[in-house]
file start.txt (compact mmCIF, C-alpha atoms and all ligand atoms)
# COMPACT_ATOMS: atom_id res chain seq x y z
CA MET A 1006 0.00 0.00 0.00
CA ASN A 1007 1.32 3.46 -0.88
CA CYS A 1008 0.46 6.89 0.50
CA ARG A 1009 -2.20 7.52 -2.14
CA ASP A 1010 -4.01 4.29 -1.25
CA ALA A 1011 -3.68 5.00 2.45
CA ASP A 1012 -5.15 8.45 1.93
CA LYS A 1013 -8.02 7.05 -0.12
CA TYR A 1014 -8.99 4.45 2.48
CA LEU A 1015 -8.18 6.46 5.59
CA LEU A 1016 -11.73 7.51 6.48
CA ALA A 1017 -13.24 4.11 5.68
CA TYR A 1018 -10.64 2.56 7.94
CA ILE A 1019 -11.37 4.97 10.77
CA ASP A 1020 -15.10 4.39 10.33
CA GLY A 1021 -14.50 0.68 10.98
CA GLU A 1022 -15.47 -0.47 7.50
CA PHE A 1023 -12.36 -2.65 7.10
CA ASP A 1024 -12.04 -6.31 7.99
CA GLY A 1025 -9.04 -7.61 9.90
CA ALA A 1026 -6.82 -8.27 6.87
CA GLU A 1027 -7.53 -4.88 5.30
CA SER A 1028 -6.93 -3.15 8.61
CA SER A 1029 -3.57 -4.76 9.15
CA GLU A 1030 -2.52 -3.83 5.60
CA ILE A 1031 -3.18 -0.12 6.14
CA GLU A 1032 -1.77 -0.25 9.68
CA GLN A 1033 1.39 -1.71 8.24
CA HIS A 1034 1.68 1.40 6.07
CA PHE A 1035 1.07 3.72 9.04
CA LYS A 1036 3.81 1.95 10.90
CA PHE A 1037 6.43 3.01 8.39
CA CYS A 1038 4.99 6.27 7.07
CA PRO A 1039 5.05 9.24 9.48
CA ALA A 1040 3.04 11.47 7.09
CA CYS A 1041 0.08 9.10 6.88
CA ARG A 1042 0.37 8.33 10.56
CA ARG A 1043 -0.09 12.01 11.38
CA LYS A 1044 -3.11 12.13 9.11
CA VAL A 1045 -4.74 9.17 10.83
CA GLU A 1046 -3.88 10.65 14.21
CA PHE A 1047 -5.52 13.90 13.28
CA GLU A 1048 -8.65 12.26 11.89
CA LEU A 1049 -8.97 10.05 14.94
CA TRP A 1050 -8.42 12.99 17.26
CA PHE A 1051 -11.10 15.00 15.51
CA LYS A 1052 -13.58 12.12 15.29
CA ARG A 1053 -13.20 11.34 18.96
CA GLY A 1054 -14.00 14.94 19.75
CA VAL A 1055 -17.13 14.73 17.63
CA LYS A 1056 -17.94 11.33 19.10
CA THR A 1057 -17.97 12.79 22.56
CA ALA A 1058 -20.34 15.47 21.39
CA ASN A 1059 -22.59 13.09 19.48
CA PRO A 1060 -22.11 9.46 20.60
CA PRO A 1061 -24.36 7.42 18.26
CA GLU A 1062 -22.83 8.39 14.93
CA VAL A 1063 -19.13 7.63 15.20
CA ARG A 1064 -17.17 4.56 16.17
CA ALA A 1065 -13.44 3.90 15.91
CA PRO A 1066 -12.00 0.39 15.68
CA ALA A 1067 -10.08 -0.83 18.73
CA SER A 1068 -7.16 -1.88 16.52
CA LEU A 1069 -6.75 1.72 15.38
CA ARG A 1070 -6.78 3.05 18.90
CA ALA A 1071 -4.12 0.53 19.82
CA ALA A 1072 -2.04 1.34 16.73
CA VAL A 1073 -2.18 5.06 17.29
CA HIS A 1074 -1.41 4.73 20.96
CA ARG A 1075 1.58 2.54 20.15
CA THR A 1076 2.76 4.98 17.50
CA TYR A 1077 2.48 7.92 19.82
CA ARG A 1078 4.58 6.22 22.46
CA GLU A 1079 7.24 5.33 19.91
CA GLU A 1080 7.36 8.92 18.70
CA GLN A 1081 7.62 10.28 22.20
CA VAL A 1082 10.67 8.16 22.78
CA ARG A 1083 12.27 9.37 19.55
CA ARG A 1084 11.68 13.06 20.20
CA ILE A 1085 14.52 14.64 22.08
CA PRO A 1086 14.09 18.31 22.94
CA TRP A 1087 17.10 20.23 21.68
CA ALA A 1088 16.45 23.42 23.54
CA LEU A 1089 14.96 24.42 26.83
CA LYS A 1090 13.94 28.03 26.88
CA LEU A 1091 12.22 30.38 29.22
CA ALA A 1092 9.72 32.16 26.98
CA PRO A 1093 8.64 35.75 27.50
CA ALA A 1094 5.24 35.90 29.19
CA ALA A 1095 3.24 37.81 31.76
CA ALA A 1096 5.37 38.27 34.84
CA VAL A 1097 3.14 36.14 37.04
CA VAL A 1098 3.16 33.22 34.64
CA LEU A 1099 6.13 30.93 34.56
CA VAL A 1100 6.46 29.43 31.13
CA PHE A 1101 8.72 26.51 30.39
CA ALA A 1102 9.03 25.67 26.75
CA TRP A 1103 10.33 22.42 25.40
CA ILE A 1104 10.84 23.50 21.85
CA PHE A 1105 11.40 21.23 18.91
CA PHE A 1106 10.45 21.22 15.28
CA GLN A 1107 8.51 18.53 13.49
CA PRO A 1108 9.94 17.22 10.24
CA SER A 1109 8.66 19.09 7.22
CA ILE A 1110 5.76 17.07 5.83
CA ASP A 1111 2.98 18.64 3.83
CA ILE A 1112 -0.35 17.38 5.13
CA SER A 1113 -3.64 19.13 5.55
CA MET A 1114 -4.42 20.52 8.97
CA PRO A 1115 -8.12 21.28 8.86
CA ILE A 1116 -8.38 23.21 12.10
CA VAL A 1117 -5.44 25.44 11.20
CA GLU A 1118 -6.75 26.05 7.69
CA ALA A 1119 -10.28 26.75 8.92
CA SER A 1120 -8.92 29.24 11.47
CA VAL A 1121 -6.99 31.21 8.89
CA ASP A 1122 -9.84 31.06 6.34
CA ARG A 1123 -12.31 32.48 8.84
CA HIS A 1124 -9.78 35.07 10.00
CA THR A 1125 -9.34 36.40 6.48
CA ASP A 1126 -12.92 36.37 5.22
CA ASN A 1127 -15.24 39.24 6.01
CA THR A 1128 -18.57 37.50 6.47
CA PRO A 1129 -20.62 39.36 9.12
CA PHE A 1130 -21.19 37.82 12.54
CA ASP A 1131 -24.43 35.98 13.28
CA VAL A 1132 -24.28 37.22 16.86
CA GLN A 1133 -22.59 40.36 18.17
CA SER A 1134 -21.90 40.84 21.86
CA PRO A 1135 -18.97 41.47 24.21
CA ASP A 1136 -20.48 38.90 26.62
CA PRO A 1137 -19.02 35.37 26.22
CA LYS A 1138 -22.11 33.77 27.76
CA GLN A 1139 -24.44 35.52 25.35
CA VAL A 1140 -22.36 34.51 22.35
CA ALA A 1141 -22.05 30.94 23.67
CA ASP A 1142 -25.83 30.81 24.08
CA TYR A 1143 -26.24 31.61 20.42
CA PHE A 1144 -24.37 28.42 19.54
CA THR A 1145 -26.32 26.06 21.83
CA THR A 1146 -29.03 25.23 19.32
CA ARG A 1147 -26.72 25.35 16.31
CA ILE A 1148 -23.78 23.08 17.14
CA LYS A 1149 -23.58 19.72 18.84
CA TYR A 1150 -21.40 20.54 21.84
CA ALA A 1151 -21.48 23.08 24.65
CA VAL A 1152 -19.20 26.01 23.78
CA ARG A 1153 -17.22 27.78 26.45
CA LEU A 1154 -15.63 31.03 25.38
CA PRO A 1155 -12.57 32.52 27.06
CA GLN A 1156 -12.22 35.96 28.56
CA PHE A 1157 -8.93 37.85 28.36
CA ARG A 1158 -9.06 40.20 31.31
CA HIS A 1159 -5.43 41.16 31.82
CA THR A 1160 -4.70 41.52 28.13
CA ASN A 1161 -7.94 43.48 27.59
CA LEU A 1162 -9.32 41.69 24.56
CA GLU A 1163 -12.93 42.47 23.79
CA LEU A 1164 -15.26 39.87 22.29
CA LEU A 1165 -16.84 41.12 19.07
CA GLY A 1166 -19.19 38.27 18.15
CA GLY A 1167 -19.33 34.96 16.35
CA ARG A 1168 -20.90 32.69 13.82
CA VAL A 1169 -21.07 29.04 12.89
CA ALA A 1170 -18.14 27.73 10.83
CA THR A 1171 -17.48 24.22 9.56
CA LEU A 1172 -14.62 21.88 10.27
CA ARG A 1173 -14.66 18.58 8.34
CA ASP A 1174 -18.37 19.20 7.63
CA ALA A 1175 -19.12 19.52 11.35
CA PRO A 1176 -20.44 22.85 12.62
CA VAL A 1177 -18.04 24.54 15.04
CA ALA A 1178 -18.01 27.86 16.87
CA TYR A 1179 -16.07 30.76 15.35
CA VAL A 1180 -15.62 33.96 17.38
CA ALA A 1181 -13.48 37.09 17.07
CA TYR A 1182 -11.92 39.38 19.64
CA GLN A 1183 -10.13 42.70 19.33
CA GLY A 1184 -7.51 44.48 21.38
CA ASN A 1185 -4.04 46.03 21.05
CA GLY A 1186 -5.20 47.39 17.70
CA ARG A 1187 -5.55 43.87 16.31
CA ARG A 1188 -8.18 41.31 15.55
CA TYR A 1189 -7.98 37.74 16.86
CA SER A 1190 -10.04 34.85 15.49
CA ILE A 1191 -10.81 31.79 17.57
CA ILE A 1192 -12.31 28.47 16.55
CA ALA A 1193 -13.64 26.46 19.49
CA ALA A 1194 -13.93 22.78 18.54
CA PRO A 1195 -14.52 19.61 20.55
CA GLY A 1196 -11.21 18.03 21.56
CA LEU A 1197 -10.99 15.58 24.42
CA ASP A 1198 -7.68 14.10 23.34
CA ARG A 1199 -4.26 15.65 23.23
CA LEU A 1200 -3.57 18.25 20.56
CA PRO A 1201 -2.90 16.92 17.07
CA VAL A 1202 0.64 16.61 15.78
CA ILE A 1203 1.19 19.44 13.32
CA PRO A 1204 4.24 19.57 11.07
CA GLU A 1205 6.62 22.50 11.54
CA SER A 1206 4.99 23.47 14.78
CA VAL A 1207 6.36 24.29 18.19
CA ARG A 1208 4.85 22.64 21.25
CA MET A 1209 5.09 24.15 24.69
CA ARG A 1210 3.51 24.15 28.12
CA VAL A 1211 1.96 27.48 29.09
CA ASN A 1212 0.35 27.84 32.49
CA ASN A 1213 -0.21 24.06 32.62
CA ARG A 1214 -1.74 24.12 29.16
CA ASP A 1215 -0.47 22.21 26.13
CA VAL A 1216 0.08 24.75 23.38
CA VAL A 1217 0.96 24.23 19.71
CA ILE A 1218 2.27 27.16 17.68
CA THR A 1219 2.34 27.10 13.90
CA ARG A 1220 1.96 29.34 10.86
CA HIS A 1221 -0.31 29.12 7.85
CA ASN A 1222 -0.45 31.53 4.88
CA GLY A 1223 1.57 34.07 6.83
CA PHE A 1224 -0.64 34.03 9.93
CA LEU A 1225 0.28 32.84 13.37
CA VAL A 1226 -2.01 30.06 14.64
CA VAL A 1227 -1.82 28.94 18.26
CA LEU A 1228 -3.81 25.96 19.53
CA TRP A 1229 -4.49 25.05 23.12
CA ARG A 1230 -6.78 22.81 25.08
CA ALA A 1231 -9.04 23.73 27.96
CA GLY A 1232 -11.61 21.38 29.44
CA ASP A 1233 -12.96 19.22 26.64
CA MET A 1234 -12.41 21.86 23.98
CA VAL A 1235 -9.58 22.80 21.68
CA TYR A 1236 -9.13 26.45 20.76
CA SER A 1237 -7.18 27.85 17.84
CA ILE A 1238 -6.38 31.54 17.82
CA THR A 1239 -5.28 33.22 14.60
CA SER A 1240 -3.72 36.66 14.28
CA ASN A 1241 -0.84 38.60 12.80
CA ASP A 1242 0.48 39.30 16.29
CA ASP A 1243 3.88 38.27 17.67
CA GLU A 1244 4.31 34.77 19.01
CA SER A 1245 5.17 35.92 22.53
CA GLU A 1246 2.10 38.19 22.67
CA VAL A 1247 -0.23 35.38 21.67
CA VAL A 1248 1.38 33.05 24.20
CA ASP A 1249 0.57 35.71 26.81
CA LEU A 1250 -3.04 35.71 25.60
CA VAL A 1251 -3.30 31.95 25.97
CA ALA A 1252 -1.90 32.23 29.50
CA ASP A 1253 -4.53 34.91 30.21
CA ALA A 1254 -7.53 32.98 28.82
CA GLU A 1255 -10.05 32.40 31.60
CA PHE A 1256 -13.35 30.56 31.67
CA ASP A 1257 -16.06 31.58 34.11
ZN ZN A 1301 2.07 7.17 3.59

call {"tool": "encode", "arguments": {"input": "start.txt", "output": "structure tokens", "more": "lines below"}}
Ligand SMILES: [Zn+2]
result
Amino acid sequence: MNCRDADKYLLAYIDGEFDGAESSEIEQHFKFCPACRRKVEFELWFKRGVKTANPPEVRAPASLRAAVHRTYREEQVRRIPWALKLAPAAAVVLVFAWIFFQPSIDISMPIVEASVDRHTDNTPFDVQSPDPKQVADYFTTRIKYAVRLPQFRHTNLELLGGRVATLRDAPVAYVAYQGNGRRYSIIAAPGLDRLPVIPESVRMRVNNRDVVITRHNGFLVVLWRAGDMVYSITSNDDESEVVDLVADAEFD
């Protein structure tokens, strides 16, 4: 099986449509192909998030869970941080960063792409309010999971509003904030598992949060997890400023 075949059958495999022999054939490819492995990891990560939000529709084969878990452990062993840096951040927040770069592999990263697409289009908001609860309420009847929106009190970001966006055909919450003369776009998606592996990204721990920093089409995209959600914030701000924002994000 080559990468093109693996790509073609990826979703069918994740949906549990393969028998044992077919599964082991594609798993054999994942074992030796980091690019396809990252794809399957991402799809599984996203599906599990959706599964949590909407249990009856999605199931993932146990063999896949085992394969991905195994793969992740192997990768963790291989990754050796080459630098340990103290990143600039709000004075009260101690930030340790274990920084390393992923190998350069071109694969699609739907949440990153969706973030930048929404950030750059000018479609009006469906709901406008500076109140996170009011904006979150708007989403309750329109998307399948409960949305919690952050407040940025120390960094003084003001919520502008939001609308429904799509990620892999699933409706997700898109909101925008402004402050420091800039606009910041956030996609709030379901994400119970760890953050996906994204090529050419930097991973760090900020205020006990796992954070992934990457760039797409010239924009900075920073992902972090809180509760059972994953948030991606897109802006043209500096990396250290956005890391400060993530450290400042609070949920009432
Ligand atoms: Zn491959």

call {"tool": "residues_near_ligand", "arguments": {"input": "start.txt", "ligand": "ligand ZN 1301 (chain A)", "cutoff": "12 Å", "atoms": "all atoms listed in the file", "output": "PyMOL selection string"}}
result
chain A and resi 1006-1015+1031-1045+1110-1112

call {"tool": "write_last_selection", "arguments": {"input": "start.txt", "atoms": "C-alpha atoms", "output": "PDB file, keeping the file's coordinate frame"}}
result
ATOM      1  CA  MET A1006       0.000   0.000   0.000  1.00  0.00           C
ATOM      2  CA  ASN A1007       1.320   3.460  -0.880  1.00  0.00           C
ATOM      3  CA  CYS A1008       0.460   6.890   0.500  1.00  0.00           C
ATOM      4  CA  ARG A1009      -2.200   7.520  -2.140  1.00  0.00           C
ATOM      5  CA  ASP A1010      -4.010   4.290  -1.250  1.00  0.00           C
ATOM      6  CA  ALA A1011      -3.680   5.000   2.450  1.00  0.00           C
ATOM      7  CA  ASP A1012      -5.150   8.450   1.930  1.00  0.00           C
ATOM      8  CA  LYS A1013      -8.020   7.050  -0.120  1.00  0.00           C
ATOM      9  CA  TYR A1014      -8.990   4.450   2.480  1.00  0.00           C
ATOM     10  CA  LEU A1015      -8.180   6.460   5.590  1.00  0.00           C
ATOM     11  CA  ILE A1031      -3.180  -0.120   6.140  1.00  0.00           C
ATOM     12  CA  GLU A1032      -1.770  -0.250   9.680  1.00  0.00           C
ATOM     13  CA  GLN A1033       1.390  -1.710   8.240  1.00  0.00           C
ATOM     14  CA  HIS A1034       1.680   1.400   6.070  1.00  0.00           C
ATOM     15  CA  PHE A1035       1.070   3.720   9.040  1.00  0.00           C
ATOM     16  CA  LYS A1036       3.810   1.950  10.900  1.00  0.00           C
ATOM     17  CA  PHE A1037       6.430   3.010   8.390  1.00  0.00           C
ATOM     18  CA  CYS A1038       4.990   6.270   7.070  1.00  0.00           C
ATOM     19  CA  PRO A1039       5.050   9.240   9.480  1.00  0.00           C
ATOM     20  CA  ALA A1040       3.040  11.470   7.090  1.00  0.00           C
ATOM     21  CA  CYS A1041       0.080   9.100   6.880  1.00  0.00           C
ATOM     22  CA  ARG A1042       0.370   8.330  10.560  1.00  0.00           C
ATOM     23  CA  ARG A1043      -0.090  12.010  11.380  1.00  0.00           C
ATOM     24  CA  LYS A1044      -3.110  12.130   9.110  1.00  0.00           C
ATOM     25  CA  VAL A1045      -4.740   9.170  10.830  1.00  0.00           C
ATOM     26  CA  ILE A1110       5.760  17.070   5.830  1.00  0.00           C
ATOM     27  CA  ASP A1111       2.980  18.640   3.830  1.00  0.00           C
ATOM     28  CA  ILE A1112      -0.350  17.380   5.130  1.00  0.00           C
TER      29      ILE A1112
END

call {"tool": "closest_residue", "arguments": {"input": "start.txt", "among": "A:His1159, A:Arg1188, A:Arg1123, A:Arg1168", "to": "Arg1147 in chain A", "atoms": "all atoms listed in the file"}}
result
A:Arg1168

call {"tool": "residues_around", "arguments": {"input": "start.txt", "residues": "Gly1232 in chain A", "least_positions_apart": "5", "cutoff": "10 Å", "atoms": "all atoms listed in the file", "output": "list in words"}}
result
Arg1153, Pro1195, Gly1196, Leu1197 and Phe1256 of chain A

call {"tool": "atom_distance", "arguments": {"input": "start.txt", "atom1": "CA of Ile1218 in chain A", "atom2": "CA of Ile1191 in chain A"}}
result
13.9 Å

call {"tool": "atom_distance", "arguments": {"input": "start.txt", "atom1": "CA of Ala1181 in chain A", "atom2": "CA of Val1248 in chain A"}}
result
17.0 Å

call {"tool": "closest_residue", "arguments": {"input": "start.txt", "among": "A:Glu1255, A:Glu1118, A:Asp1174, A:Asp1142", "to": "Leu1162 in chain A", "atoms": "only C-alpha atoms"}}
result
A:Glu1255

call {"tool": "atom_distance", "arguments": {"input": "start.txt", "atom1": "CA of Arg1208 in chain A", "atom2": "CA of Leu1165 in chain A"}}
result
28.6 Å

call {"tool": "residues_near_point", "arguments": {"input": "start.txt", "point": "(-3.7, 22.6, 17.5)", "cutoff": "8 Å", "atoms": "all atoms listed in the file", "output": "NGL selection string"}}
result
:A and (1116-1117 or 1200-1203 or 1216-1218 or 1227-1229 or 1235-1237)

call {"tool": "closest_residue", "arguments": {"input": "start.txt", "among": "A:Asn1212, A:Ser1190, A:Thr1146, A:Asn1127", "to": "Val1251 in chain A", "atoms": "all atoms listed in the file"}}
result
A:Asn1212
